[in-house]
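**Q** Pasting in a structure now, in structure tokens, and then I'll have a few things to ask.
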Amino acid sequence: TDDQSRMNICWKNLVSGSSLAVCRPGFFKASPQSPSCSKCPPHSYTHEEASTSCLCEEHYFRRESDPPTMACTRPPSAPRNAISNVNETSVFLEWIPPADTGGRKDVSYYIACKKCGSPSGLCEACGSHVRYLPQQIGLKNTSVMMVDLLAHTNYTFEIEAVNGVSDQSPAARQYVAVNVTTNQAAPSPISIVKKGKIAKNSISLSWQEPDRPNGIILEYEIKYFEKDQETSYTIIKSKKTKITVNGLKPASTYIFQIRARTAAGYGGFSRRFEFETSPVSVAASSDQSQIPIIAVSVTVGVILLAVVIGFLLSGRRCGYSKAKQDPEEEKMHFHNGHIKLPGLRTYIDPHTYEDPNQAVHEFAKEIEASCITIERVIGAGEFGEVCSGRLKLPGKREFPVAIKTLKVGYTEKQRRDFLGEASIMGQFDHPNIIHLEGVVTKSKPVMIVTEYMENGSLDTFLKKNDGQFTVIQLVGMLRGIASGMKYLSDMGYVHRDLAARNILINSNLVCKVSDFGLSRVLEDDPEAAYTTRGGKIPIRWTAPEAIAFRKFTSASDVWSYGIVMWEVVSYGERPYWEMTNQDVIKAVEEGYRLPNPMDCPAALYQLMLDCWQKDRNSRPKFDEIVSMLDKLIRNPSSLKTLVNASSRVSNLLVEHSPLGSGAYRSVGEWLEAIKMGRYTEIFMENGYSSMDAVAQVTLEDLRRLGVTLVGHQKKIMSSLQEMKVQLVNGMVPL
Ligand code: ACK
């Protein structure tokens, strides 16, 4: 044992490099009190004897706070796979951590923002108006949202990974760059409103353009009411940034709010500004002092009458009349909300026009056929081919467009129905609604020209890119659709055929609602089936009350939106799979609902179930859906909780008969039928040898069995779900 302990000491000395007190090169002793020398940590060295620390190799560094026993480290490599999601003037970026963290745990991210595409071709810093959520520097998570960007602007975002030694490295920054173009956004609120001349019956106001007009301001809307009388307010429109409001009561306080409108719609109202009219002069007789009050009441009365008469006569103004106050101003009065809410324009049904040609020309620009170059056919519509091409308008740059054509030999009704879509689309102006460029009606073929959406219809696009997007990207798509639908419902337009096949998606993954029409909307949809009452309805997408008694409302559009959510999260899966329409109607009526798609965040599935409430008044409104999705996007960790799919599958199977009694006699037969026969052996070896056992399979089990391809996981899980649906003739009971 003496020999043994001598050998141990000898071995220790060899390892620590200490010969008594002095460390050899390659070893160090941080303090003289240390009993032994330590080997230089990785990426450091000493060439001297008796070193108290080691030096870092080239390109490696040590922070002052790093202990001398810690390895030298280097800056991280660039973040990877950065993706962007643009929503109006907000951009959401997401990436995955760098492949090389430089040997440190303190990696964080920094976002550099550059505005590019100025005529000089140079990029410039974005400026301080851009806000970063949660922050620009020191980001710990791998995502960030930039808001308050400028509309229609090219930005480059550089995402740089940094760690505790990045500031010591003279090497070039390692970053990944993402180029995006923002969309049109509504103007920001007006912040400054000043009072000018004040008289007993009038107040003059002036204000400044909003800080971020995000486009050309078409007009301002001034809303005012007597303090504490908010239910009776007046709206005046003005193209200038000043106005004199007449017809006010003397010595009374009025509240004013102003907002701007651009092609993207209205911005938010300014805060409330309170101004008081001056008192009646002492000389005025009491009779005289009554005049303005009567005058106001009369004005309101006359205008209300005009509203009603105008509405009855024309049937077009839908709830408001224009009473010219000034060539530049329009005035509208509202009382107790009985007349249409202020602000948004209302959709005008082209049917109300006796001459449909007039409707088209009111809402759509006529384009000369010579401005259009047709390049290729991209699909078939009910009325003729759909092509892609280019549009070159005088004084503008050429840009890509989609062109719907009306086939030769059409009837007058077909032409009217075809152009009906343009009359509807032309009334909308929103970043999530397909934009109409114009129509060709003066030459043949008759055409409808719209913006071009590079990725085509959403259902096909998702099927082609199964499993390729992050949850945030999917939620971004859904947010866009909800925002477009909010706009439509605010306009009083009910879509009736909202489905992923009727959403188009562009190269920035911006989704836009399309396929507008009159009665023909549903004629043209291959999904629409005739009901017993003779209507044609896309059953799987339609709310029960709309199927049963044709109650189509924005609330029934919300139901369809829930189905679109399900389609999106399941990458274009067919709702209710191959169940027949009759079975779908029955199951839904009995309270069954579609089960959660694979890997579906619980918050999204809950929102789907909310959209599928039987009572249409209990469904969320589109503005609530938009806010909810915004919240989820701002707080991505809220999307991490997934629905526990396995518990649901087994619950249903406990309640109902086992799968084995279904179509397949063996696991092998089933897997062969769904072209997954390659997994038969693995299933059998792991105890899934009967259909009853297979019924218990969860996604985690599949992963454990080595089914790692998302497409295969999906195929197997969907098949299980489908069998389950056939068995229970329904889905998830509410
Ligand atoms: O899935 P898709 O490629 O996208 O096939 C259909 C086809 O035309 C028939 O509707 C495509 N399509 C329709 N409108 C547009 C558009 N504005 N931009 C690009 N593709 C479009 C649609």
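In the structure tokens, each chain is lettered A, B, ... as it comes, each chain's residues begin at 1, and ligands are numbered from 1 in order of appearance.
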At a cut-off of 6 Å, using only C-alpha atoms, what residues contact stretch 142-148 of chain A? Leave out same-chain residues fewer than 2 positions from it and give the result as a list in words.

**A** Thr89, Ser90, Val91, Phe92, Leu93, Glu94, Trp95, Val130, Arg131, Tyr132 and Leu133 of chain A

**Q** Please identify every polymer residue within 10 Å of ligand 1, using only C-alpha atoms and all ligand atoms, and present the set as a JSON list (two decimals) with all heavy atoms, in the first residue's frame.

**A**
[["chain", "number", "residue", "atom", "x", "y", "z"],
["A", 377, "VAL", "N", -52.36, 30.74, -67.95],
["A", 377, "VAL", "CA", -53.60, 30.34, -67.28],
["A", 377, "VAL", "C", -53.22, 29.70, -65.95],
["A", 377, "VAL", "O", -52.33, 28.85, -65.91],
["A", 377, "VAL", "CB", -54.38, 29.33, -68.15],
["A", 377, "VAL", "CG1", -55.63, 28.85, -67.43],
["A", 377, "VAL", "CG2", -54.73, 29.96, -69.49],
["A", 378, "ILE", "N", -53.85, 30.13, -64.86],
["A", 378, "ILE", "CA", -53.50, 29.54, -63.55],
["A", 378, "ILE", "C", -54.63, 28.73, -62.96],
["A", 378, "ILE", "O", -54.46, 28.06, -61.95],
["A", 378, "ILE", "CB", -53.02, 30.61, -62.54],
["A", 378, "ILE", "CG1", -54.03, 31.74, -62.41],
["A", 378, "ILE", "CG2", -51.63, 31.11, -62.89],
["A", 378, "ILE", "CD1", -53.69, 32.75, -61.32],
["A", 379, "GLY", "N", -55.79, 28.80, -63.56],
["A", 379, "GLY", "CA", -56.89, 28.02, -62.99],
["A", 379, "GLY", "C", -58.17, 28.25, -63.77],
["A", 379, "GLY", "O", -58.19, 28.97, -64.77],
["A", 380, "ALA", "N", -59.20, 27.61, -63.26],
["A", 380, "ALA", "CA", -60.49, 27.75, -63.93],
["A", 380, "ALA", "C", -61.50, 28.27, -62.94],
["A", 380, "ALA", "O", -61.60, 27.77, -61.81],
["A", 380, "ALA", "CB", -60.93, 26.39, -64.46],
["A", 381, "GLY", "N", -62.23, 29.29, -63.36],
["A", 381, "GLY", "CA", -63.31, 29.80, -62.52],
["A", 381, "GLY", "C", -64.62, 29.36, -63.16],
["A", 381, "GLY", "O", -64.62, 28.72, -64.21],
["A", 382, "GLU", "N", -65.73, 29.69, -62.50],
["A", 382, "GLU", "CA", -67.01, 29.24, -63.03],
["A", 382, "GLU", "C", -67.32, 29.90, -64.37],
["A", 382, "GLU", "O", -67.93, 29.32, -65.24],
["A", 382, "GLU", "CB", -68.12, 29.57, -62.03],
["A", 382, "GLU", "CG", -69.37, 28.77, -62.29],
["A", 382, "GLU", "CD", -70.65, 29.54, -62.10],
["A", 382, "GLU", "OE1", -70.60, 30.64, -61.53],
["A", 382, "GLU", "OE2", -71.69, 29.05, -62.55],
["A", 384, "GLY", "N", -64.99, 31.30, -66.52],
["A", 384, "GLY", "CA", -63.94, 31.26, -67.53],
["A", 384, "GLY", "C", -62.59, 31.06, -66.85],
["A", 384, "GLY", "O", -62.52, 30.76, -65.66],
["A", 385, "GLU", "N", -61.53, 31.24, -67.65],
["A", 385, "GLU", "CA", -60.21, 30.97, -67.10],
["A", 385, "GLU", "C", -59.73, 32.07, -66.15],
["A", 385, "GLU", "O", -60.14, 33.22, -66.27],
["A", 385, "GLU", "CB", -59.20, 30.87, -68.25],
["A", 385, "GLU", "CG", -59.31, 29.54, -68.97],
["A", 385, "GLU", "CD", -58.69, 29.56, -70.34],
["A", 385, "GLU", "OE1", -58.50, 30.65, -70.91],
["A", 385, "GLU", "OE2", -58.40, 28.47, -70.84],
["A", 386, "VAL", "N", -58.85, 31.66, -65.24],
["A", 386, "VAL", "CA", -58.16, 32.64, -64.39],
["A", 386, "VAL", "C", -56.71, 32.66, -64.86],
["A", 386, "VAL", "O", -56.10, 31.60, -65.02],
["A", 386, "VAL", "CB", -58.23, 32.25, -62.90],
["A", 386, "VAL", "CG1", -57.57, 33.31, -62.03],
["A", 386, "VAL", "CG2", -59.67, 32.03, -62.46],
["A", 387, "CYS", "N", -56.19, 33.85, -65.15],
["A", 387, "CYS", "CA", -54.83, 33.95, -65.70],
["A", 387, "CYS", "C", -53.97, 34.83, -64.79],
["A", 387, "CYS", "O", -54.48, 35.61, -63.99],
["A", 387, "CYS", "CB", -54.84, 34.59, -67.07],
["A", 387, "CYS", "SG", -55.95, 33.77, -68.20],
["A", 388, "SER", "N", -52.67, 34.70, -64.96],
["A", 388, "SER", "CA", -51.78, 35.68, -64.35],
["A", 388, "SER", "C", -51.23, 36.54, -65.48],
["A", 388, "SER", "O", -51.21, 36.10, -66.63],
["A", 388, "SER", "CB", -50.65, 34.99, -63.59],
["A", 388, "SER", "OG", -49.86, 34.27, -64.50],
["A", 389, "GLY", "N", -50.84, 37.74, -65.14],
["A", 389, "GLY", "CA", -50.33, 38.64, -66.16],
["A", 389, "GLY", "C", -49.79, 39.90, -65.53],
["A", 389, "GLY", "O", -49.47, 39.91, -64.33],
["A", 400, "PRO", "N", -47.57, 42.70, -61.36],
["A", 400, "PRO", "CA", -48.29, 41.47, -61.66],
["A", 400, "PRO", "C", -49.74, 41.52, -61.18],
["A", 400, "PRO", "O", -50.03, 42.13, -60.15],
["A", 400, "PRO", "CB", -47.51, 40.39, -60.89],
["A", 400, "PRO", "CG", -46.73, 41.12, -59.87],
["A", 400, "PRO", "CD", -46.54, 42.53, -60.32],
["A", 401, "VAL", "N", -50.62, 40.91, -61.95],
["A", 401, "VAL", "CA", -52.04, 40.87, -61.58],
["A", 401, "VAL", "C", -52.62, 39.49, -61.89],
["A", 401, "VAL", "O", -52.01, 38.71, -62.61],
["A", 401, "VAL", "CB", -52.86, 41.92, -62.38],
["A", 401, "VAL", "CG1", -52.64, 43.31, -61.87],
["A", 401, "VAL", "CG2", -52.60, 41.83, -63.88],
["A", 402, "ALA", "N", -53.78, 39.23, -61.30],
["A", 402, "ALA", "CA", -54.56, 38.04, -61.68],
["A", 402, "ALA", "C", -55.73, 38.54, -62.52],
["A", 402, "ALA", "O", -56.26, 39.63, -62.26],
["A", 402, "ALA", "CB", -55.06, 37.32, -60.45],
["A", 403, "ILE", "N", -56.07, 37.78, -63.53],
["A", 403, "ILE", "CA", -57.13, 38.22, -64.45],
["A", 403, "ILE", "C", -58.17, 37.12, -64.55],
["A", 403, "ILE", "O", -57.85, 35.99, -64.94],
["A", 403, "ILE", "CB", -56.53, 38.51, -65.85],
["A", 403, "ILE", "CG1", -55.39, 39.54, -65.71],
["A", 403, "ILE", "CG2", -57.60, 39.00, -66.81],
["A", 403, "ILE", "CD1", -54.21, 39.23, -66.58],
["A", 404, "LYS", "N", -59.39, 37.44, -64.17],
["A", 404, "LYS", "CA", -60.49, 36.47, -64.35],
["A", 404, "LYS", "C", -61.18, 36.85, -65.64],
["A", 404, "LYS", "O", -61.51, 38.03, -65.84],
["A", 404, "LYS", "CB", -61.48, 36.59, -63.19],
["A", 404, "LYS", "CG", -61.03, 35.94, -61.92],
["A", 404, "LYS", "CD", -62.20, 35.85, -60.96],
["A", 404, "LYS", "CE", -61.81, 35.16, -59.68],
["A", 404, "LYS", "NZ", -62.91, 35.05, -58.74],
["A", 434, "ILE", "N", -58.88, 40.87, -50.96],
["A", 434, "ILE", "CA", -58.25, 40.91, -52.28],
["A", 434, "ILE", "C", -58.62, 42.23, -52.97],
["A", 434, "ILE", "O", -59.76, 42.66, -52.94],
["A", 434, "ILE", "CB", -58.65, 39.65, -53.10],
["A", 434, "ILE", "CG1", -57.77, 39.53, -54.33],
["A", 434, "ILE", "CG2", -60.09, 39.61, -53.46],
["A", 434, "ILE", "CD1", -56.47, 38.87, -54.02],
["A", 435, "HIS", "N", -57.59, 42.88, -53.53],
["A", 435, "HIS", "CA", -57.78, 44.24, -54.06],
["A", 435, "HIS", "C", -58.13, 44.22, -55.53],
["A", 435, "HIS", "O", -57.46, 43.57, -56.34],
["A", 435, "HIS", "CB", -56.49, 45.03, -53.82],
["A", 435, "HIS", "CG", -56.54, 46.40, -54.40],
["A", 435, "HIS", "ND1", -57.32, 47.39, -53.87],
["A", 435, "HIS", "CD2", -55.94, 46.92, -55.49],
["A", 435, "HIS", "CE1", -57.18, 48.48, -54.60],
["A", 435, "HIS", "NE2", -56.36, 48.22, -55.60],
["A", 436, "LEU", "N", -59.19, 44.93, -55.88],
["A", 436, "LEU", "CA", -59.61, 45.02, -57.28],
["A", 436, "LEU", "C", -58.84, 46.13, -57.98],
["A", 436, "LEU", "O", -58.83, 47.27, -57.52],
["A", 436, "LEU", "CB", -61.12, 45.32, -57.35],
["A", 436, "LEU", "CG", -61.68, 45.51, -58.75],
["A", 436, "LEU", "CD1", -61.76, 44.18, -59.49],
["A", 436, "LEU", "CD2", -63.06, 46.16, -58.70],
["A", 448, "ILE", "N", -61.93, 40.75, -65.05],
["A", 448, "ILE", "CA", -61.80, 41.37, -63.72],
["A", 448, "ILE", "C", -60.33, 41.25, -63.35],
["A", 448, "ILE", "O", -59.76, 40.16, -63.39],
["A", 448, "ILE", "CB", -62.65, 40.63, -62.67],
["A", 448, "ILE", "CG1", -64.14, 40.73, -63.03],
["A", 448, "ILE", "CG2", -62.42, 41.20, -61.28],
["A", 448, "ILE", "CD1", -65.06, 39.97, -62.07],
["A", 449, "VAL", "N", -59.72, 42.38, -63.02],
["A", 449, "VAL", "CA", -58.28, 42.37, -62.74],
["A", 449, "VAL", "C", -58.06, 42.65, -61.26],
["A", 449, "VAL", "O", -58.55, 43.65, -60.73],
["A", 449, "VAL", "CB", -57.57, 43.47, -63.59],
["A", 449, "VAL", "CG1", -56.07, 43.42, -63.37],
["A", 449, "VAL", "CG2", -57.90, 43.28, -65.06],
["A", 450, "THR", "N", -57.35, 41.74, -60.60],
["A", 450, "THR", "CA", -57.09, 41.92, -59.17],
["A", 450, "THR", "C", -55.59, 41.82, -58.91],
["A", 450, "THR", "O", -54.82, 41.43, -59.78],
["A", 450, "THR", "CB", -57.76, 40.82, -58.32],
["A", 450, "THR", "OG1", -57.17, 39.57, -58.67],
["A", 450, "THR", "CG2", -59.25, 40.75, -58.54],
["A", 451, "GLU", "N", -55.21, 42.15, -57.68],
["A", 451, "GLU", "CA", -53.80, 41.98, -57.30],
["A", 451, "GLU", "C", -53.43, 40.51, -57.43],
["A", 451, "GLU", "O", -54.29, 39.62, -57.30],
["A", 451, "GLU", "CB", -53.57, 42.47, -55.87],
["A", 451, "GLU", "CG", -54.23, 41.62, -54.81],
["A", 451, "GLU", "CD", -53.99, 42.14, -53.39],
["A", 451, "GLU", "OE1", -52.82, 42.25, -52.99],
["A", 451, "GLU", "OE2", -54.98, 42.43, -52.71],
["A", 452, "TYR", "N", -52.16, 40.25, -57.65],
["A", 452, "TYR", "CA", -51.70, 38.87, -57.83],
["A", 452, "TYR", "C", -51.22, 38.31, -56.50],
["A", 452, "TYR", "O", -50.49, 38.97, -55.76],
["A", 452, "TYR", "CB", -50.57, 38.84, -58.86],
["A", 452, "TYR", "CG", -50.12, 37.42, -59.15],
["A", 452, "TYR", "CD1", -50.99, 36.53, -59.74],
["A", 452, "TYR", "CD2", -48.85, 36.99, -58.80],
["A", 452, "TYR", "CE1", -50.61, 35.22, -60.00],
["A", 452, "TYR", "CE2", -48.45, 35.68, -59.06],
["A", 452, "TYR", "CZ", -49.35, 34.80, -59.65],
["A", 452, "TYR", "OH", -48.97, 33.51, -59.89],
["A", 453, "MET", "N", -51.66, 37.10, -56.19],
["A", 453, "MET", "CA", -51.29, 36.46, -54.93],
["A", 453, "MET", "C", -50.43, 35.25, -55.28],
["A", 453, "MET", "O", -50.94, 34.23, -55.76],
["A", 453, "MET", "CB", -52.55, 36.05, -54.17],
["A", 453, "MET", "CG", -53.49, 37.21, -53.86],
["A", 453, "MET", "SD", -52.83, 38.34, -52.63],
["A", 453, "MET", "CE", -53.06, 37.39, -51.14],
["A", 454, "GLU", "N", -49.13, 35.39, -55.05],
["A", 454, "GLU", "CA", -48.16, 34.42, -55.56],
["A", 454, "GLU", "C", -48.43, 32.99, -55.13],
["A", 454, "GLU", "O", -48.16, 32.05, -55.88],
["A", 454, "GLU", "CB", -46.73, 34.80, -55.13],
["A", 454, "GLU", "CG", -46.21, 36.11, -55.69],
["A", 454, "GLU", "CD", -46.67, 37.31, -54.87],
["A", 454, "GLU", "OE1", -47.56, 37.15, -53.99],
["A", 454, "GLU", "OE2", -46.16, 38.42, -55.11],
["A", 455, "ASN", "N", -48.93, 32.80, -53.90],
["A", 455, "ASN", "CA", -49.07, 31.43, -53.41],
["A", 455, "ASN", "C", -50.46, 30.82, -53.64],
["A", 455, "ASN", "O", -50.75, 29.73, -53.16],
["A", 455, "ASN", "CB", -48.68, 31.35, -51.93],
["A", 455, "ASN", "CG", -47.17, 31.37, -51.77],
["A", 455, "ASN", "OD1", -46.45, 30.74, -52.54],
["A", 455, "ASN", "ND2", -46.67, 32.14, -50.82],
["A", 456, "GLY", "N", -51.32, 31.56, -54.37],
["A", 456, "GLY", "CA", -52.62, 30.98, -54.74],
["A", 456, "GLY", "C", -53.55, 30.75, -53.56],
["A", 456, "GLY", "O", -53.46, 31.44, -52.54],
["A", 457, "SER", "N", -54.43, 29.77, -53.69],
["A", 457, "SER", "CA", -55.42, 29.60, -52.61],
["A", 457, "SER", "C", -54.81, 28.87, -51.43],
["A", 457, "SER", "O", -53.95, 28.01, -51.56],
["A", 457, "SER", "CB", -56.69, 28.94, -53.11],
["A", 457, "SER", "OG", -56.36, 27.89, -53.96],
["A", 458, "LEU", "N", -55.33, 29.25, -50.25],
["A", 458, "LEU", "CA", -54.70, 28.84, -49.00],
["A", 458, "LEU", "C", -54.77, 27.34, -48.78],
["A", 458, "LEU", "O", -53.82, 26.73, -48.30],
["A", 458, "LEU", "CB", -55.36, 29.60, -47.84],
["A", 458, "LEU", "CG", -54.82, 29.34, -46.44],
["A", 458, "LEU", "CD1", -53.35, 29.72, -46.33],
["A", 458, "LEU", "CD2", -55.62, 30.11, -45.38],
["A", 459, "ASP", "N", -55.89, 26.71, -49.13],
["A", 459, "ASP", "CA", -55.99, 25.27, -48.84],
["A", 459, "ASP", "C", -54.94, 24.48, -49.62],
["A", 459, "ASP", "O", -54.22, 23.65, -49.06],
["A", 459, "ASP", "CB", -57.42, 24.74, -49.08],
["A", 459, "ASP", "CG", -57.85, 24.83, -50.53],
["A", 459, "ASP", "OD1", -57.36, 25.72, -51.24],
["A", 459, "ASP", "OD2", -58.69, 24.01, -50.96],
["A", 460, "THR", "N", -54.81, 24.80, -50.91],
["A", 460, "THR", "CA", -53.82, 24.09, -51.74],
["A", 460, "THR", "C", -52.41, 24.37, -51.24],
["A", 460, "THR", "O", -51.57, 23.48, -51.15],
["A", 460, "THR", "CB", -53.94, 24.58, -53.21],
["A", 460, "THR", "OG1", -55.30, 24.75, -53.51],
["A", 460, "THR", "CG2", -53.29, 23.63, -54.16],
["A", 461, "PHE", "N", -52.18, 25.63, -50.91],
["A", 461, "PHE", "CA", -50.84, 26.03, -50.45],
["A", 461, "PHE", "C", -50.45, 25.28, -49.17],
["A", 461, "PHE", "O", -49.32, 24.79, -49.04],
["A", 461, "PHE", "CB", -50.84, 27.55, -50.21],
["A", 461, "PHE", "CG", -49.56, 28.07, -49.64],
["A", 461, "PHE", "CD1", -48.39, 28.10, -50.38],
["A", 461, "PHE", "CD2", -49.53, 28.55, -48.32],
["A", 461, "PHE", "CE1", -47.21, 28.58, -49.84],
["A", 461, "PHE", "CE2", -48.35, 29.03, -47.78],
["A", 461, "PHE", "CZ", -47.19, 29.05, -48.55],
["A", 501, "ARG", "N", -60.34, 27.53, -49.15],
["A", 501, "ARG", "CA", -60.22, 27.58, -50.62],
["A", 501, "ARG", "C", -60.53, 28.97, -51.17],
["A", 501, "ARG", "O", -60.18, 29.29, -52.29],
["A", 501, "ARG", "CB", -61.13, 26.53, -51.27],
["A", 501, "ARG", "CG", -62.59, 26.78, -51.04],
["A", 501, "ARG", "CD", -63.51, 25.71, -51.60],
["A", 501, "ARG", "NE", -64.88, 25.94, -51.10],
["A", 501, "ARG", "CZ", -65.31, 25.56, -49.91],
["A", 501, "ARG", "NH1", -64.50, 24.89, -49.11],
["A", 501, "ARG", "NH2", -66.52, 25.84, -49.50],
["A", 502, "ASN", "N", -61.23, 29.78, -50.38],
["A", 502, "ASN", "CA", -61.56, 31.13, -50.83],
["A", 502, "ASN", "C", -60.67, 32.21, -50.21],
["A", 502, "ASN", "O", -61.00, 33.39, -50.22],
["A", 502, "ASN", "CB", -63.04, 31.42, -50.55],
["A", 502, "ASN", "CG", -63.93, 30.59, -51.44],
["A", 502, "ASN", "OD1", -63.52, 30.26, -52.56],
["A", 502, "ASN", "ND2", -65.10, 30.22, -50.97],
["A", 503, "ILE", "N", -59.56, 31.78, -49.65],
["A", 503, "ILE", "CA", -58.56, 32.72, -49.14],
["A", 503, "ILE", "C", -57.36, 32.61, -50.07],
["A", 503, "ILE", "O", -56.96, 31.51, -50.43],
["A", 503, "ILE", "CB", -58.11, 32.33, -47.71],
["A", 503, "ILE", "CG1", -59.30, 32.23, -46.74],
["A", 503, "ILE", "CG2", -57.04, 33.28, -47.18],
["A", 503, "ILE", "CD1", -59.97, 33.51, -46.39],
["A", 504, "LEU", "N", -56.79, 33.75, -50.43],
["A", 504, "LEU", "CA", -55.56, 33.72, -51.25],
["A", 504, "LEU", "C", -54.39, 34.15, -50.37],
["A", 504, "LEU", "O", -54.57, 34.89, -49.41],
["A", 504, "LEU", "CB", -55.71, 34.66, -52.45],
["A", 504, "LEU", "CG", -56.73, 34.21, -53.51],
["A", 504, "LEU", "CD1", -57.07, 35.35, -54.45],
["A", 504, "LEU", "CD2", -56.22, 33.00, -54.28],
["A", 505, "ILE", "N", -53.21, 33.67, -50.72],
["A", 505, "ILE", "CA", -52.04, 33.97, -49.89],
["A", 505, "ILE", "C", -50.90, 34.43, -50.80],
["A", 505, "ILE", "O", -50.66, 33.85, -51.85],
["A", 505, "ILE", "CB", -51.68, 32.75, -48.99],
["A", 505, "ILE", "CG1", -50.44, 33.02, -48.14],
["A", 505, "ILE", "CG2", -51.49, 31.46, -49.80],
["A", 505, "ILE", "CD1", -50.31, 32.11, -46.93],
["A", 506, "ASN", "N", -50.21, 35.50, -50.38],
["A", 506, "ASN", "CA", -49.15, 36.03, -51.24],
["A", 506, "ASN", "C", -47.77, 35.57, -50.76],
["A", 506, "ASN", "O", -47.66, 34.77, -49.83],
["A", 506, "ASN", "CB", -49.26, 37.56, -51.37],
["A", 506, "ASN", "CG", -48.91, 38.30, -50.10],
["A", 506, "ASN", "OD1", -48.33, 37.74, -49.17],
["A", 506, "ASN", "ND2", -49.24, 39.57, -50.06],
["A", 512, "LYS", "N", -55.59, 36.92, -47.78],
["A", 512, "LYS", "CA", -56.65, 37.87, -48.14],
["A", 512, "LYS", "C", -57.93, 37.11, -48.49],
["A", 512, "LYS", "O", -57.88, 36.09, -49.17],
["A", 512, "LYS", "CB", -56.21, 38.73, -49.33],
["A", 512, "LYS", "CG", -54.87, 39.38, -49.08],
["A", 512, "LYS", "CD", -54.60, 40.59, -49.93],
["A", 512, "LYS", "CE", -53.20, 41.10, -49.60],
["A", 512, "LYS", "NZ", -52.97, 42.46, -50.04],
["A", 514, "SER", "N", -61.17, 36.33, -50.43],
["A", 514, "SER", "CA", -61.58, 36.57, -51.81],
["A", 514, "SER", "C", -62.88, 35.81, -52.07],
["A", 514, "SER", "O", -63.48, 35.27, -51.15],
["A", 514, "SER", "CB", -60.48, 36.15, -52.77],
["A", 514, "SER", "OG", -60.61, 34.80, -53.10],
["A", 515, "ASP", "N", -63.26, 35.79, -53.33],
["A", 515, "ASP", "CA", -64.48, 35.13, -53.76],
["A", 515, "ASP", "C", -65.73, 35.81, -53.22],
["A", 515, "ASP", "O", -66.39, 35.33, -52.31],
["A", 515, "ASP", "CB", -64.46, 33.64, -53.37],
["A", 515, "ASP", "CG", -65.12, 32.83, -54.47],
["A", 515, "ASP", "OD1", -66.23, 33.23, -54.87],
["A", 515, "ASP", "OD2", -64.53, 31.85, -54.95]]

**Q** Which residues are near stretch 472-474 of chain A? Cut-off 8 Å, only C-alpha atoms, ignore same chain within fewer than 5 positions. Put them as a compact mmCIF listing (two decimals) with all heavy atoms, in the first residue's frame.

**A**
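This is the output file out-v3.txt:
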# COMPACT_ATOMS: atom_id res chain seq x y z
N ASN A 85 -43.16 37.55 -40.49
CA ASN A 85 -44.59 37.54 -40.70
C ASN A 85 -45.02 39.01 -40.65
O ASN A 85 -44.86 39.68 -39.65
CB ASN A 85 -45.23 36.75 -39.55
CG ASN A 85 -46.62 36.32 -39.92
OD1 ASN A 85 -47.22 36.85 -40.86
ND2 ASN A 85 -47.14 35.36 -39.18
N VAL A 568 -56.57 25.50 -41.33
CA VAL A 568 -55.22 26.05 -41.34
C VAL A 568 -54.31 25.24 -40.41
O VAL A 568 -53.22 24.81 -40.80
CB VAL A 568 -55.23 27.55 -40.96
CG1 VAL A 568 -53.82 28.07 -40.71
CG2 VAL A 568 -55.89 28.37 -42.07
N VAL A 569 -54.78 25.01 -39.18
CA VAL A 569 -53.91 24.32 -38.21
C VAL A 569 -53.67 22.88 -38.67
O VAL A 569 -52.63 22.30 -38.40
CB VAL A 569 -54.50 24.40 -36.78
CG1 VAL A 569 -53.59 23.69 -35.80
CG2 VAL A 569 -54.69 25.85 -36.36
N ILE A 633 -49.99 36.31 -30.47
CA ILE A 633 -48.77 36.58 -31.24
C ILE A 633 -47.76 37.34 -30.36
O ILE A 633 -46.57 37.08 -30.40
CB ILE A 633 -49.10 37.39 -32.52
CG1 ILE A 633 -49.88 36.51 -33.49
CG2 ILE A 633 -47.83 37.92 -33.19
CD1 ILE A 633 -50.43 37.20 -34.71
N PRO A 636 -45.88 34.52 -27.46
CA PRO A 636 -45.83 33.21 -28.11
C PRO A 636 -45.82 32.04 -27.14
O PRO A 636 -46.25 30.95 -27.49
CB PRO A 636 -44.52 33.26 -28.90
CG PRO A 636 -44.15 34.69 -28.98
CD PRO A 636 -44.73 35.37 -27.78

**Q** Which residues in stretch 467-600 of chain A does DSSP call alpha helix (DSSP H)? List them as a PyMOL selection string.

**A** chain A and resi 471-490+520-523+544-549+554-569+581-589

**Q** So, counting only C-alpha atoms, which residue among A:Val588, A:Leu391, A:Met608, A:Arg63 is closest to A:Thr373?

**A**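 Once distances to A:Thr373 are computed over only C-alpha atoms, the minimum belongs to A:Leu391.
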
**Q** Which one of A:Thr542, A:Thr470, A:Glu58, A:Lys392 sits closest to A:Ile96 if you count only C-alpha atoms?

**A** A:Thr470

**Q** Which neighbours of stretch 221-231 of chain A fall inside 7 Å, counting only C-alpha atoms, when residues of the same chain fewer than 5 positions from it are skipped, and could you give them as a VMD selection string?

**A** chain A and resid 236 to 238 253 to 260 335 to 336

**Q** With only C-alpha atoms as the counted atoms, please give the residues lying no more than 7 Å from stretch 405-421 of chain A, apart from itself and same-chain residues fewer than 6 positions off, as a PyMOL selection string.

**A** chain A and resi 350+356+360+383-386+445-448+516-518+520
